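Working notes for the structure below.
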Amino acid sequence: MNKKGMVHGIIFVLVIVVGFGFALGWPQYAKHKEISHAKEALAMAQRLAQAQKDYAAQHDGQYAQDWTDFGVPLTCPQVTKEGVNTLECEFYDFYVQDGLVYARHNNIAKWMTVDIASSKADCSHETKSIAGAKICEKLGL
């Protein structure tokens, strides 16, 4: 084999090795990112629940209907969906219903709730959602 053939062979092998490394590493990276987004969403839901609790203490037990009423810095736009004020973020939507702050994932059948009164967090998913079950498991909820 001449020198050109040898160089092409080495480059081909390197491309194959890098391709396999990428193919094996990408799912783990995606899983890590999804868990990171879930942790951020849970922290945001807990901050929103605490802000709702503080607001209710000052307003005869009434929760704020508008997210801008209680001075928590909002990084997502507020929209009204089916009559409910919702923070529409990139990966999760946040809303208040029945004394709970919900953080619902936009793509996976998974959601987290934080009880406003007790600050207790919970993670739920549809029964067939393997990704939802794994994320809830990693959050320890």
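So you can find residues: chains in the structure tokens are A, B, ... in the order shown, residues in each start at 1, and ligands are numbered from 1 in order.
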How close does segment 40-88 of chain A get to segment 93-97 of chain A? List, as CSV, each residue of segment 40-88 of chain A within 12 Å, its nearest atom pair and the distance in Å to one decimal, counting only C-alpha atoms.
```
residue,atom,partner,partner_atom,distance
A:Ala41,CA,A:Phe94,CA,8.7
A:Leu42,CA,A:Phe94,CA,10.2
A:Ala43,CA,A:Phe94,CA,11.7
A:Met44,CA,A:Phe94,CA,8.8
A:Ala45,CA,A:Phe94,CA,7.2
A:Gln46,CA,A:Phe94,CA,10.9
A:Arg47,CA,A:Phe94,CA,11.4
A:Leu48,CA,A:Phe94,CA,8.8
A:Ala49,CA,A:Val96,CA,8.7
A:Ala51,CA,A:Val96,CA,11.8
A:Gln52,CA,A:Val96,CA,9.1
A:Lys53,CA,A:Val96,CA,11.6
A:Gln62,CA,A:Val96,CA,11.9
A:Tyr63,CA,A:Val96,CA,8.6
A:Ala64,CA,A:Val96,CA,9.1
A:Gln65,CA,A:Val96,CA,8.3
A:Asp66,CA,A:Tyr95,CA,10.0
A:Trp67,CA,A:Tyr95,CA,8.9
A:Leu74,CA,A:Phe94,CA,11.1
A:Thr75,CA,A:Phe94,CA,11.8
A:Cys76,CA,A:Asp93,CA,9.1
A:Pro77,CA,A:Asp93,CA,10.0
A:Gln78,CA,A:Phe94,CA,9.3
A:Val79,CA,A:Asp93,CA,10.0
A:Thr80,CA,A:Tyr95,CA,9.8
A:Lys81,CA,A:Tyr95,CA,9.6
A:Glu82,CA,A:Tyr95,CA,11.4
A:Gly83,CA,A:Tyr95,CA,11.0
A:Val84,CA,A:Tyr95,CA,7.2
A:Asn85,CA,A:Tyr95,CA,6.4
A:Thr86,CA,A:Tyr95,CA,4.8
A:Leu87,CA,A:Phe94,CA,5.0
A:Glu88,CA,A:Asp93,CA,4.7
```
Produce a file of the selected residues containing N, CA and C atoms, as a CSV table (one decimal), in the first residue's frame.
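Okay, selection-v1.csv is ready:
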```
chain,number,residue,atom,x,y,z
A,41,ALA,N,-36.6,23.0,36.4
A,41,ALA,CA,-38.1,23.2,36.4
A,41,ALA,C,-38.6,23.0,37.8
A,42,LEU,N,-38.1,22.0,38.5
A,42,LEU,CA,-38.5,21.7,39.9
A,42,LEU,C,-38.1,22.9,40.8
A,43,ALA,N,-36.9,23.4,40.6
A,43,ALA,CA,-36.5,24.6,41.4
A,43,ALA,C,-37.4,25.8,41.1
A,44,MET,N,-37.7,26.0,39.8
A,44,MET,CA,-38.6,27.1,39.5
A,44,MET,C,-40.0,26.9,40.1
A,45,ALA,N,-40.5,25.7,40.0
A,45,ALA,CA,-41.9,25.4,40.6
A,45,ALA,C,-41.9,25.7,42.1
A,46,GLN,N,-40.8,25.3,42.8
A,46,GLN,CA,-40.7,25.6,44.2
A,46,GLN,C,-40.6,27.1,44.5
A,47,ARG,N,-39.9,27.9,43.7
A,47,ARG,CA,-39.9,29.3,43.9
A,47,ARG,C,-41.2,29.9,43.6
A,48,LEU,N,-41.9,29.4,42.6
A,48,LEU,CA,-43.3,30.0,42.3
A,48,LEU,C,-44.3,29.6,43.4
A,49,ALA,N,-44.1,28.4,43.9
A,49,ALA,CA,-45.0,28.0,45.0
A,49,ALA,C,-44.8,28.8,46.3
A,51,ALA,N,-43.6,31.9,46.3
A,51,ALA,CA,-44.1,33.2,46.0
A,51,ALA,C,-45.6,33.3,46.1
A,52,GLN,N,-46.3,32.2,45.6
A,52,GLN,CA,-47.8,32.1,45.8
A,52,GLN,C,-48.2,32.1,47.2
A,53,LYS,N,-47.4,31.3,48.0
A,53,LYS,CA,-47.7,31.2,49.5
A,53,LYS,C,-47.6,32.6,50.1
A,62,GLN,N,-55.9,34.3,49.0
A,62,GLN,CA,-56.1,34.2,47.6
A,62,GLN,C,-54.8,34.1,46.8
A,63,TYR,N,-54.7,33.2,45.9
A,63,TYR,CA,-53.5,33.0,45.1
A,63,TYR,C,-53.5,34.1,43.9
A,64,ALA,N,-52.4,34.5,43.5
A,64,ALA,CA,-52.3,35.4,42.4
A,64,ALA,C,-52.7,34.7,41.1
A,65,GLN,N,-53.5,35.4,40.3
A,65,GLN,CA,-53.9,34.9,39.0
A,65,GLN,C,-53.0,35.3,37.9
A,66,ASP,N,-52.2,36.3,38.2
A,66,ASP,CA,-51.2,36.8,37.2
A,66,ASP,C,-49.8,36.5,37.8
A,67,TRP,N,-48.9,35.9,37.0
A,67,TRP,CA,-47.6,35.6,37.5
A,67,TRP,C,-46.8,36.8,37.8
A,74,LEU,N,-39.3,36.5,36.0
A,74,LEU,CA,-39.8,35.5,35.0
A,74,LEU,C,-39.0,35.6,33.8
A,75,THR,N,-38.6,34.4,33.3
A,75,THR,CA,-37.8,34.3,32.1
A,75,THR,C,-38.6,33.8,30.9
A,76,CYS,N,-39.8,33.5,31.2
A,76,CYS,CA,-40.7,32.9,30.2
A,76,CYS,C,-41.9,33.8,30.0
A,77,PRO,N,-42.5,33.8,28.8
A,77,PRO,CA,-43.7,34.6,28.6
A,77,PRO,C,-44.9,34.0,29.3
A,78,GLN,N,-45.8,34.9,29.7
A,78,GLN,CA,-47.1,34.4,30.3
A,78,GLN,C,-48.2,34.4,29.2
A,79,VAL,N,-48.9,33.3,29.1
A,79,VAL,CA,-50.0,33.2,28.1
A,79,VAL,C,-51.2,32.7,28.8
A,80,THR,N,-52.3,32.8,28.2
A,80,THR,CA,-53.5,32.2,28.8
A,80,THR,C,-54.0,31.0,28.0
A,81,LYS,N,-54.0,29.8,28.6
A,81,LYS,CA,-54.4,28.6,28.0
A,81,LYS,C,-55.6,28.1,28.7
A,82,GLU,N,-56.7,28.0,27.9
A,82,GLU,CA,-58.0,27.5,28.5
A,82,GLU,C,-58.4,28.2,29.8
A,83,GLY,N,-58.1,29.5,29.8
A,83,GLY,CA,-58.5,30.4,30.9
A,83,GLY,C,-57.6,30.3,32.1
A,84,VAL,N,-56.4,29.7,31.9
A,84,VAL,CA,-55.4,29.6,33.0
A,84,VAL,C,-54.2,30.3,32.6
A,85,ASN,N,-53.7,31.2,33.4
A,85,ASN,CA,-52.4,31.9,33.2
A,85,ASN,C,-51.3,30.9,33.3
A,86,THR,N,-50.5,30.8,32.2
A,86,THR,CA,-49.5,29.8,32.2
A,86,THR,C,-48.2,30.5,31.8
A,87,LEU,N,-47.1,30.1,32.4
A,87,LEU,CA,-45.7,30.5,32.0
A,87,LEU,C,-45.3,29.4,31.0
A,88,GLU,N,-45.1,29.9,29.8
A,88,GLU,CA,-44.7,29.0,28.7
A,88,GLU,C,-43.2,29.0,28.5
```
Got a sec to tell me which of chain A DSSP assigns to strand (DSSP E), as number ranges by chain? A: 78-81, 84-88, 92-97, 100-105, 110-115, 121-125
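The closest residue to Ala56 of chain A, picked from A:Lys128, A:Gly99, A:Gly5, A:Pro27 and counting only C-alpha atoms, is A:Gly99.
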Hey, what's within 12 Å of Gly140 of chain A if we count only C-alpha atoms and toss same-chain stuff fewer than 5 positions away? As a PyMOL selection string, please? chain A and resi 35+38-39+42+112+121-124+133-135
Would you put the residues from that selection into a file with N, CA, C and O atoms, as a PDB file, in the first residue's frame?
```pdb
ATOM      1  N   ILE A  35     -32.493  15.537  32.481  1.00  0.00           N
ATOM      2  CA  ILE A  35     -32.517  15.547  33.942  1.00  0.00           C
ATOM      3  C   ILE A  35     -32.163  16.939  34.465  1.00  0.00           C
ATOM      4  O   ILE A  35     -32.773  17.438  35.420  1.00  0.00           O
ATOM      5  N   ALA A  38     -35.164  19.091  34.132  1.00  0.00           N
ATOM      6  CA  ALA A  38     -36.162  18.724  35.147  1.00  0.00           C
ATOM      7  C   ALA A  38     -35.794  19.338  36.500  1.00  0.00           C
ATOM      8  O   ALA A  38     -36.664  19.841  37.218  1.00  0.00           O
ATOM      9  N   LYS A  39     -34.505  19.318  36.852  1.00  0.00           N
ATOM     10  CA  LYS A  39     -34.074  19.919  38.120  1.00  0.00           C
ATOM     11  C   LYS A  39     -34.327  21.421  38.119  1.00  0.00           C
ATOM     12  O   LYS A  39     -34.777  21.987  39.122  1.00  0.00           O
ATOM     13  N   LEU A  42     -38.096  21.983  38.511  1.00  0.00           N
ATOM     14  CA  LEU A  42     -38.528  21.741  39.891  1.00  0.00           C
ATOM     15  C   LEU A  42     -38.149  22.924  40.783  1.00  0.00           C
ATOM     16  O   LEU A  42     -38.964  23.376  41.597  1.00  0.00           O
ATOM     17  N   MET A 112     -44.458  17.726  37.234  1.00  0.00           N
ATOM     18  CA  MET A 112     -44.119  17.827  38.648  1.00  0.00           C
ATOM     19  C   MET A 112     -45.104  18.789  39.283  1.00  0.00           C
ATOM     20  O   MET A 112     -45.581  19.718  38.629  1.00  0.00           O
ATOM     21  N   ALA A 121     -42.999  18.529  47.094  1.00  0.00           N
ATOM     22  CA  ALA A 121     -42.893  18.307  45.651  1.00  0.00           C
ATOM     23  C   ALA A 121     -43.206  16.856  45.316  1.00  0.00           C
ATOM     24  O   ALA A 121     -42.962  15.944  46.112  1.00  0.00           O
ATOM     25  N   ASP A 122     -43.765  16.659  44.128  1.00  0.00           N
ATOM     26  CA  ASP A 122     -44.101  15.319  43.651  1.00  0.00           C
ATOM     27  C   ASP A 122     -43.830  15.269  42.158  1.00  0.00           C
ATOM     28  O   ASP A 122     -43.946  16.272  41.464  1.00  0.00           O
ATOM     29  N   CYS A 123     -43.478  14.109  41.676  1.00  0.00           N
ATOM     30  CA  CYS A 123     -43.208  13.907  40.255  1.00  0.00           C
ATOM     31  C   CYS A 123     -44.116  12.794  39.754  1.00  0.00           C
ATOM     32  O   CYS A 123     -44.222  11.749  40.398  1.00  0.00           O
ATOM     33  N   SER A 124     -44.786  13.029  38.642  1.00  0.00           N
ATOM     34  CA  SER A 124     -45.708  12.039  38.095  1.00  0.00           C
ATOM     35  C   SER A 124     -45.474  11.889  36.600  1.00  0.00           C
ATOM     36  O   SER A 124     -44.891  12.759  35.962  1.00  0.00           O
ATOM     37  N   ALA A 133     -40.609   8.086  33.907  1.00  0.00           N
ATOM     38  CA  ALA A 133     -40.261   7.303  35.098  1.00  0.00           C
ATOM     39  C   ALA A 133     -38.782   7.474  35.452  1.00  0.00           C
ATOM     40  O   ALA A 133     -38.441   7.649  36.631  1.00  0.00           O
ATOM     41  N   LYS A 134     -37.916   7.456  34.465  1.00  0.00           N
ATOM     42  CA  LYS A 134     -36.473   7.612  34.714  1.00  0.00           C
ATOM     43  C   LYS A 134     -36.152   8.997  35.279  1.00  0.00           C
ATOM     44  O   LYS A 134     -35.351   9.124  36.190  1.00  0.00           O
ATOM     45  N   ILE A 135     -36.788  10.025  34.717  1.00  0.00           N
ATOM     46  CA  ILE A 135     -36.521  11.377  35.197  1.00  0.00           C
ATOM     47  C   ILE A 135     -37.005  11.542  36.630  1.00  0.00           C
ATOM     48  O   ILE A 135     -36.294  12.096  37.476  1.00  0.00           O
TER      49      ILE A 135
END
```
Would you return as a VMD selection string the members of segment 9-116 of chain A that DSSP assigns to alpha helix (DSSP H) on this structure's backbone? chain A and resid 9 to 58
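Residues surrounding Glu40 of chain A within 12 Å are Lys33, Glu34, Gln46, Arg47, Cys89, Glu90, Phe91, Tyr92, Ala103, His105, Met112 and Leu139 of chain A [only C-alpha atoms; sequence separation below 6 positions excluded].
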Go ahead and save the residues from that selection, with N, CA, C and O atoms, as a PDB file, in the first residue's frame.
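File again.pdb, as written:
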```
ATOM      1  N   LYS A  33     -29.023  16.084  29.880  1.00  0.00           N
ATOM      2  CA  LYS A  33     -29.658  17.383  29.640  1.00  0.00           C
ATOM      3  C   LYS A  33     -31.116  17.367  30.113  1.00  0.00           C
ATOM      4  O   LYS A  33     -31.586  18.331  30.706  1.00  0.00           O
ATOM      5  N   GLU A  34     -31.831  16.286  29.858  1.00  0.00           N
ATOM      6  CA  GLU A  34     -33.233  16.188  30.255  1.00  0.00           C
ATOM      7  C   GLU A  34     -33.378  16.223  31.777  1.00  0.00           C
ATOM      8  O   GLU A  34     -34.266  16.889  32.315  1.00  0.00           O
ATOM      9  N   GLN A  46     -40.787  25.334  42.754  1.00  0.00           N
ATOM     10  CA  GLN A  46     -40.692  25.576  44.190  1.00  0.00           C
ATOM     11  C   GLN A  46     -40.632  27.075  44.491  1.00  0.00           C
ATOM     12  O   GLN A  46     -41.259  27.539  45.449  1.00  0.00           O
ATOM     13  N   ARG A  47     -39.894  27.852  43.679  1.00  0.00           N
ATOM     14  CA  ARG A  47     -39.857  29.307  43.871  1.00  0.00           C
ATOM     15  C   ARG A  47     -41.233  29.921  43.637  1.00  0.00           C
ATOM     16  O   ARG A  47     -41.673  30.797  44.389  1.00  0.00           O
ATOM     17  N   CYS A  89     -42.470  28.097  29.044  1.00  0.00           N
ATOM     18  CA  CYS A  89     -41.014  28.067  28.941  1.00  0.00           C
ATOM     19  C   CYS A  89     -40.596  27.074  27.861  1.00  0.00           C
ATOM     20  O   CYS A  89     -41.422  26.367  27.298  1.00  0.00           O
ATOM     21  N   GLU A  90     -39.295  27.008  27.611  1.00  0.00           N
ATOM     22  CA  GLU A  90     -38.794  26.188  26.512  1.00  0.00           C
ATOM     23  C   GLU A  90     -39.107  24.704  26.705  1.00  0.00           C
ATOM     24  O   GLU A  90     -39.512  24.025  25.767  1.00  0.00           O
ATOM     25  N   PHE A  91     -38.931  24.176  27.898  1.00  0.00           N
ATOM     26  CA  PHE A  91     -39.110  22.747  28.134  1.00  0.00           C
ATOM     27  C   PHE A  91     -40.316  22.423  29.014  1.00  0.00           C
ATOM     28  O   PHE A  91     -40.853  21.320  28.939  1.00  0.00           O
ATOM     29  N   TYR A  92     -40.736  23.352  29.862  1.00  0.00           N
ATOM     30  CA  TYR A  92     -41.839  23.124  30.791  1.00  0.00           C
ATOM     31  C   TYR A  92     -42.802  24.304  30.768  1.00  0.00           C
ATOM     32  O   TYR A  92     -42.396  25.439  30.530  1.00  0.00           O
ATOM     33  N   ALA A 103     -45.565  21.923  36.918  1.00  0.00           N
ATOM     34  CA  ALA A 103     -44.525  22.084  35.905  1.00  0.00           C
ATOM     35  C   ALA A 103     -44.709  20.905  34.953  1.00  0.00           C
ATOM     36  O   ALA A 103     -44.363  19.771  35.273  1.00  0.00           O
ATOM     37  N   HIS A 105     -44.007  19.004  31.402  1.00  0.00           N
ATOM     38  CA  HIS A 105     -43.036  18.920  30.311  1.00  0.00           C
ATOM     39  C   HIS A 105     -43.745  19.109  28.979  1.00  0.00           C
ATOM     40  O   HIS A 105     -44.868  18.651  28.787  1.00  0.00           O
ATOM     41  N   MET A 112     -44.458  17.726  37.234  1.00  0.00           N
ATOM     42  CA  MET A 112     -44.119  17.827  38.648  1.00  0.00           C
ATOM     43  C   MET A 112     -45.104  18.789  39.283  1.00  0.00           C
ATOM     44  O   MET A 112     -45.581  19.718  38.629  1.00  0.00           O
ATOM     45  N   LEU A 139     -34.771  12.438  40.011  1.00  0.00           N
ATOM     46  CA  LEU A 139     -35.063  13.575  40.875  1.00  0.00           C
ATOM     47  C   LEU A 139     -35.282  13.157  42.324  1.00  0.00           C
ATOM     48  O   LEU A 139     -35.295  13.991  43.222  1.00  0.00           O
TER      49      LEU A 139
END
```
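Among the candidates A:Thr127, A:Gly25, A:Phe12, A:Gln50, the one nearest to Val101 of chain A when counting only C-alpha atoms is A:Gln50.
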One number please: atom CA of Glu137 of chain A to atom CA of Ser118 of chain A, in Å, one decimal. 21.6 Å
Identify which of the residues A:Gly19, A:Gly132, A:Pro73, A:Gly61 lies closest to Lys31 of chain A, counting only C-alpha atoms when measuring atom-to-atom distances. A:Gly132
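Proximity to Val114 of chain A was assessed for A:Ile10, A:Ile130, A:Leu141, A:Val15 counting only C-alpha atoms; the smallest distance is recorded for A:Leu141.
The coordinates place atom CA of Cys136 of chain A at 11.8 Å from atom CA of Ser36 of chain A.
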